[in-house]
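Dropping work.cif in here (mmCIF, C-alpha atoms):
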data_final
loop_
_atom_site.label_atom_id
_atom_site.label_comp_id
_atom_site.auth_asym_id
_atom_site.auth_seq_id
_atom_site.Cartn_x
_atom_site.Cartn_y
_atom_site.Cartn_z
CA MET A 1 26.04 -17.24 -0.49
CA ASN A 2 24.08 -16.50 -3.64
CA ILE A 3 22.75 -13.04 -4.43
CA THR A 4 19.43 -13.63 -2.65
CA ASP A 5 21.19 -14.77 0.53
CA ARG A 6 23.53 -11.77 0.41
CA HIS A 7 20.62 -9.35 0.02
CA GLN A 8 18.77 -10.94 2.92
CA PHE A 9 21.90 -10.66 5.07
CA ILE A 10 22.39 -7.00 4.13
CA LEU A 11 18.76 -6.13 4.85
CA GLN A 12 18.95 -7.94 8.18
CA GLN A 13 22.01 -5.91 9.14
CA LEU A 14 20.20 -2.74 8.09
CA GLN A 15 17.19 -3.64 10.21
CA GLU A 16 19.38 -4.26 13.25
CA ASN A 17 21.84 -1.38 12.90
CA GLY A 18 20.26 1.15 10.56
CA LYS A 19 23.37 1.10 8.35
CA VAL A 20 25.92 -1.24 6.77
CA ASP A 21 29.61 -0.88 5.96
CA ILE A 22 31.10 -2.24 2.72
CA GLN A 23 34.29 -3.49 4.36
CA GLU A 24 32.40 -5.26 7.12
CA LEU A 25 30.11 -6.90 4.55
CA THR A 26 33.01 -8.11 2.41
CA ASP A 27 34.58 -9.71 5.51
CA ALA A 28 31.33 -11.29 6.68
CA LEU A 29 30.23 -12.57 3.27
CA GLN A 30 33.66 -13.41 1.86
CA VAL A 31 33.08 -11.57 -1.42
CA SER A 32 34.74 -8.61 -3.10
CA GLY A 33 33.96 -4.98 -2.50
CA VAL A 34 32.83 -4.75 -6.13
CA THR A 35 30.19 -7.42 -5.49
CA ILE A 36 28.93 -5.65 -2.37
CA ARG A 37 28.70 -2.32 -4.21
CA LYS A 38 26.64 -4.00 -6.93
CA ASP A 39 24.39 -5.51 -4.26
CA LEU A 40 23.88 -2.12 -2.62
CA LYS A 41 23.11 -0.55 -6.00
CA LEU A 42 20.43 -3.18 -6.72
CA LEU A 43 18.88 -2.75 -3.28
CA GLU A 44 18.84 1.02 -3.72
CA GLU A 45 17.09 0.65 -7.09
CA LYS A 46 14.42 -1.38 -5.27
CA LYS A 47 14.21 1.46 -2.72
CA LEU A 48 15.24 -0.82 0.13
CA LEU A 49 18.15 1.37 1.25
CA PHE A 50 20.14 4.52 0.51
CA ARG A 51 23.74 4.19 -0.58
CA THR A 52 26.20 6.24 1.43
CA LYS A 53 29.95 6.79 1.31
CA GLY A 54 31.38 3.40 2.24
CA GLY A 55 28.08 1.63 2.77
CA GLY A 56 24.32 1.96 2.96
CA SER A 57 21.67 3.30 5.32
CA THR A 58 17.92 3.27 5.99
CA GLN A 59 18.11 7.08 6.12
CA ASN A 60 18.53 9.37 3.13
CA PRO A 61 21.94 11.01 3.73
CA TYR A 62 20.90 14.22 1.95
CA THR A 63 17.50 14.91 3.50
CA ILE A 64 15.77 14.27 6.75
CA GLU A 65 13.72 11.13 6.18
CA LYS A 66 11.61 8.81 8.29
CA PRO A 67 12.74 5.16 8.39
CA ILE A 68 11.66 3.06 5.42
CA ASN A 69 8.12 1.71 5.78
CA GLU A 70 8.64 -2.04 5.48
CA LYS A 71 5.03 -2.61 4.38
CA GLU A 72 5.76 -0.76 1.15
CA PHE A 73 8.07 -3.59 0.06
CA ILE A 74 5.83 -6.52 0.94
CA LYS A 75 4.40 -7.86 -2.34
CA ALA A 76 5.46 -4.60 -3.99
CA GLU A 77 5.12 -5.85 -7.58
CA GLU A 78 1.70 -7.35 -6.87
CA LYS A 79 0.51 -4.03 -5.43
CA LYS A 80 1.60 -2.19 -8.58
CA LYS A 81 -0.38 -4.61 -10.76
CA ILE A 82 -3.41 -4.27 -8.50
CA ALA A 83 -3.18 -0.48 -8.80
CA LYS A 84 -3.11 -0.63 -12.60
CA ALA A 85 -6.22 -2.81 -12.61
CA ALA A 86 -7.94 -0.44 -10.18
CA PHE A 87 -7.24 2.54 -12.40
CA ASN A 88 -9.44 1.02 -15.11
CA LEU A 89 -12.42 1.02 -12.72
CA ILE A 90 -12.46 4.80 -12.32
CA GLY A 91 -14.23 5.01 -15.67
CA MET A 92 -16.34 8.12 -16.20
CA ASN A 93 -16.66 8.96 -12.51
CA ASP A 94 -15.77 12.52 -11.55
CA SER A 95 -15.21 11.74 -7.86
CA ILE A 96 -13.57 8.88 -6.00
CA ILE A 97 -12.55 8.11 -2.42
CA MET A 98 -9.14 6.67 -1.69
CA GLY A 99 -8.45 5.11 1.70
CA SER A 100 -5.12 4.63 3.40
CA GLY A 101 -2.58 1.84 2.97
CA THR A 102 0.34 1.02 0.70
CA THR A 103 -1.73 -0.71 -2.01
CA VAL A 104 -4.10 2.23 -2.39
CA PHE A 105 -1.13 4.60 -2.46
CA GLU A 106 0.17 2.78 -5.54
CA LEU A 107 -3.03 3.90 -7.30
CA ALA A 108 -2.34 7.50 -6.27
CA HIS A 109 1.16 7.15 -7.68
CA ILE A 110 -0.08 6.23 -11.18
CA LEU A 111 -3.20 8.42 -11.18
CA HIS A 112 -2.89 10.89 -14.06
CA PRO A 113 -6.48 11.45 -15.25
CA SER A 114 -7.17 13.00 -18.64
CA LYS A 115 -10.27 14.80 -17.29
CA HIS A 116 -11.17 16.50 -14.03
CA LEU A 117 -11.33 14.21 -11.01
CA THR A 118 -12.02 14.96 -7.34
CA VAL A 119 -10.22 12.66 -4.91
CA ILE A 120 -11.57 12.45 -1.35
CA THR A 121 -9.12 10.92 1.10
CA PRO A 122 -8.27 10.65 4.80
CA ALA A 123 -4.71 9.62 3.93
CA LEU A 124 -2.10 12.36 4.17
CA LYS A 125 0.29 10.50 1.90
CA VAL A 126 -2.32 10.20 -0.85
CA ALA A 127 -3.22 13.89 -0.54
CA LEU A 128 0.42 14.98 -0.75
CA GLU A 129 1.00 12.77 -3.78
CA LEU A 130 -1.98 14.24 -5.66
CA CYS A 131 -2.23 17.83 -4.44
CA ASN A 132 -0.33 19.30 -7.42
CA ARG A 133 -1.40 16.70 -10.00
CA PRO A 134 -3.03 18.11 -13.19
CA ASN A 135 -6.81 17.54 -13.43
CA VAL A 136 -7.01 16.42 -9.79
CA ASN A 137 -8.72 18.25 -6.94
CA VAL A 138 -8.11 16.82 -3.47
CA LEU A 139 -10.64 16.96 -0.65
CA GLN A 140 -8.65 16.11 2.48
CA ILE A 141 -10.71 14.49 5.24
CA GLY A 142 -9.53 15.97 8.51
CA GLY A 143 -9.57 14.55 12.01
CA LEU A 144 -7.28 12.80 14.45
CA ILE A 145 -4.17 11.58 12.60
CA HIS A 146 -3.12 8.05 13.47
CA PRO A 147 0.71 7.73 13.46
CA SER A 148 0.76 4.15 12.16
CA SER A 149 -1.04 5.05 8.93
CA ALA A 150 -0.72 8.86 8.70
CA SER A 151 -4.46 8.88 8.06
CA ALA A 152 -7.35 10.76 9.68
CA GLY A 153 -10.11 9.12 11.66
CA GLY A 154 -12.62 9.71 14.41
CA SER A 155 -16.04 11.34 14.66
CA PHE A 156 -14.89 14.67 13.18
CA ALA A 157 -13.70 12.93 10.01
CA GLU A 158 -16.94 10.95 9.79
CA ARG A 159 -19.10 14.09 10.08
CA LEU A 160 -17.31 15.57 7.07
CA LEU A 161 -18.68 12.71 4.98
CA ASP A 162 -22.32 13.22 5.98
CA ASP A 163 -23.16 15.35 2.94
CA ILE A 164 -20.96 13.60 0.40
CA SER A 165 -21.80 11.11 -2.33
CA CYS A 166 -19.11 9.48 -4.39
CA GLY A 167 -18.71 7.25 -7.42
CA VAL A 168 -16.04 4.74 -6.42
CA LEU A 169 -14.29 3.91 -3.16
CA PHE A 170 -10.84 2.32 -3.36
CA ILE A 171 -9.98 0.79 -0.03
CA GLY A 172 -7.23 -1.40 1.39
CA VAL A 173 -7.83 -3.98 4.12
CA ASP A 174 -5.84 -6.24 6.43
CA GLY A 175 -8.28 -9.15 6.38
CA ILE A 176 -10.88 -10.75 4.09
CA ASP A 177 -12.89 -13.46 5.78
CA PRO A 178 -16.13 -15.05 4.47
CA GLU A 179 -17.89 -14.73 7.83
CA PHE A 180 -16.29 -11.66 9.39
CA GLY A 181 -16.07 -9.71 6.14
CA LEU A 182 -13.52 -6.94 5.61
CA SER A 183 -11.38 -5.79 8.50
CA ILE A 184 -8.29 -3.79 9.45
CA THR A 185 -5.86 -3.96 12.35
CA ASN A 186 -6.41 -0.30 13.29
CA LEU A 187 -9.65 -0.27 15.26
CA ALA A 188 -9.83 3.53 15.29
CA GLU A 189 -9.97 3.72 11.48
CA ALA A 190 -12.52 0.94 10.96
CA SER A 191 -15.50 3.21 11.71
CA LEU A 192 -14.43 5.77 9.08
CA ASP A 193 -13.90 3.00 6.53
CA THR A 194 -17.43 1.74 7.25
CA LYS A 195 -18.79 5.24 6.62
CA MET A 196 -16.93 5.47 3.31
CA VAL A 197 -18.34 2.11 2.20
CA GLN A 198 -21.86 3.33 2.93
CA LEU A 199 -21.61 6.51 0.85
CA ALA A 200 -19.83 5.10 -2.22
CA GLN A 201 -21.83 3.84 -5.19
CA THR A 202 -19.15 1.24 -6.01
CA VAL A 203 -16.78 -0.35 -3.47
CA VAL A 204 -13.43 -1.64 -4.74
CA VAL A 205 -11.15 -3.54 -2.37
CA MET A 206 -7.46 -3.59 -3.26
CA ALA A 207 -5.83 -6.49 -1.44
CA ASP A 208 -2.99 -8.88 -2.22
CA SER A 209 -3.40 -12.61 -1.63
CA SER A 210 -1.93 -12.50 1.89
CA LYS A 211 -5.06 -10.70 3.16
CA PHE A 212 -7.45 -13.59 2.51
CA ASP A 213 -8.67 -15.82 5.34
CA ARG A 214 -7.43 -13.31 7.89
CA ARG A 215 -9.20 -11.08 10.40
CA GLY A 216 -8.19 -7.69 11.73
CA ILE A 217 -9.57 -6.39 14.99
CA GLY A 218 -11.77 -3.75 13.37
CA ARG A 219 -14.63 -4.92 11.13
CA ILE A 220 -15.51 -2.65 8.18
CA CYS A 221 -18.35 -4.40 6.36
CA SER A 222 -19.59 -7.71 5.00
CA LEU A 223 -18.47 -9.19 1.69
CA GLU A 224 -21.96 -8.56 0.30
CA GLN A 225 -21.33 -4.80 0.49
CA VAL A 226 -18.33 -5.08 -1.85
CA ASP A 227 -18.54 -4.81 -5.63
CA TYR A 228 -14.96 -5.69 -6.65
CA ILE A 229 -11.90 -7.25 -5.08
CA ILE A 230 -8.66 -6.78 -7.01
CA THR A 231 -5.91 -9.19 -5.97
CA ASP A 232 -2.97 -11.20 -7.31
CA ASN A 233 -2.81 -14.67 -8.84
CA LEU A 234 -1.75 -16.46 -5.65
CA VAL A 235 -5.29 -16.56 -4.25
CA PRO A 236 -6.51 -20.21 -4.26
CA PRO A 237 -9.25 -20.90 -6.86
CA ASP A 238 -11.66 -22.15 -4.19
CA THR A 239 -11.25 -18.88 -2.29
CA VAL A 240 -11.97 -16.91 -5.44
CA LYS A 241 -15.12 -18.98 -6.03
CA MET A 242 -16.25 -18.46 -2.44
CA VAL A 243 -15.94 -14.68 -2.86
CA GLN A 244 -17.69 -14.73 -6.23
CA ASP A 245 -20.54 -16.75 -4.75
CA ARG A 246 -21.12 -13.81 -2.40
CA GLY A 247 -21.78 -11.60 -5.44
CA VAL A 248 -18.32 -9.98 -5.54
CA LYS A 249 -16.47 -9.59 -8.85
CA VAL A 250 -12.87 -10.74 -8.47
CA ILE A 251 -10.17 -9.26 -10.70
CA ILE A 252 -6.83 -11.08 -10.80
CA ALA A 253 -4.16 -8.50 -11.61
#

Would you write the structure of this file as structure tokens?
Amino acid sequence: MNITDRHQFILQQLQENGKVDIQELTDALQVSGVTIRKDLKLLEEKKLLFRTKGGGSTQNPYTIEKPINEKEFIKAEEKKKIAKAAFNLIGMNDSIIMGSGTTVFELAHILHPSKHLTVITPALKVALELCNRPNVNVLQIGGLIHPSSASAGGSFAERLLDDISCGVLFIGVDGIDPEFGLSITNLAEASLDTKMVQLAQTVVVMADSSKFDRRGIGRICSLEQVDYIITDNLVPPDTVKMVQDRGVKVIIA
């Protein structure tokens, strides 16, 4: 096995058992313990596991942690590039909305504004990331928290937005379809996302190439309501043209 095959085998064992043992891996893969330790070190640097005494685990051995969110590691590098491109669109705005999702969270991770900025968000993870950040005030949208996304939704959350206007909305989606528009797989959150689209002056969709030509169960809005889509360079040129023809600016990160 080459290094890619070994890493896939290790991650598969982690997914099935929650942990791996160095000795068992050396026997199964017919390589040295030194090689396995190097593999575990590389996977830990990519935040795909935690090294433990004699092996690796999906759980941090020193703190109580939830299992690794696999979505964080799907197109991880593309999401980081998309976040950097999104940061440039904040411009002179003094308030933005940030939705839920792993791509939007990457923007929160790099958000270090030089002037005061108010961030409105239903996403608990975004709020926790930014709550002690210099020059950032966080307005947490409350409501029913959905376990799959750790984000608020429902009528209570929507009512909070009734008296709010905002410069830019950064939103993640699960599907971009020319006819159906933007959509997500969590039906309960789609209504709140629609409300956020309506109150923002500029709508920025952060979505990697895997989200195109797909539909989630919950429709958010049409493509015509979107100002920008930031994506990666794997989107087919004809798809990019189709989106641009709808009046949407496409940024390839």

Evaluate the PyMOL selection byres ((chain A and resi 182-189) around 8) here and jot the selected residues down as a list in words.
Ala152, Gly153, Gly154, Val173, Asp174, Gly175, Ile176, Asp177, Phe180, Gly181, Ala190, Ser191, Leu192, Asp193, Arg215, Gly216, Ile217, Gly218, Arg219, Ile220, Cys221, Ser222 and Leu223 of chain A

Find the spatial neighbours of segment 135-148 of chain A, counting all atoms listed in the file, within a cut-off of 9 Å - ignore same-chain residues fewer than 2 positions away - and output them as a ChimeraX atom specification.
/A:111-124,127,130-133,150-158,160-161,186,188-189

Find the residues near segment 224-241 of chain A: any atom within 12 Å, counting all atoms listed in the file, skip ones fewer than 5 places away on the same chain, and give them as a PyMOL selection string.
chain A and resi 75-89+103-104+168-173+176-182+194+196-213+246-253

Determine the residue membership of the PyMOL selection byres ((chain A and resi 43-45) around 12) for the file above and supply it as JSON, numbers by chain.
{"A": [3, 4, 6, 7, 8, 9, 10, 11, 14, 36, 37, 38, 39, 40, 41, 42, 46, 47, 48, 49, 50, 51, 52, 55, 56, 57, 58, 59, 60, 68, 73]}

Coordinates-based distance that separates atom CA of Asn2 of chain A from atom CA of Val31 of chain A (Å, one decimal):
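These atoms are spaced 10.5 Å apart.
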
Box time for segment 96-114 of chain A: axis-aligned, enclosing all its listed atoms, 8 Å extra on each side; report centre and edge lengths in Å to one decimal, as JSON.
{"center_x": -6.2, "center_y": 6.1, "center_z": -7.6, "size_x": 30.7, "size_y": 29.7, "size_z": 38.0}

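Interatomic distance, atom CA of Gly167 of chain A against atom CA of Asp245 of chain A: 24.2 Å.
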
What does the distance between atom CA of Val34 of chain A and atom CA of Gly54 of chain A come to in Å, to one decimal place?
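So the two atoms, atom CA of Val34 of chain A and atom CA of Gly54 of chain A, lie 11.8 Å apart.
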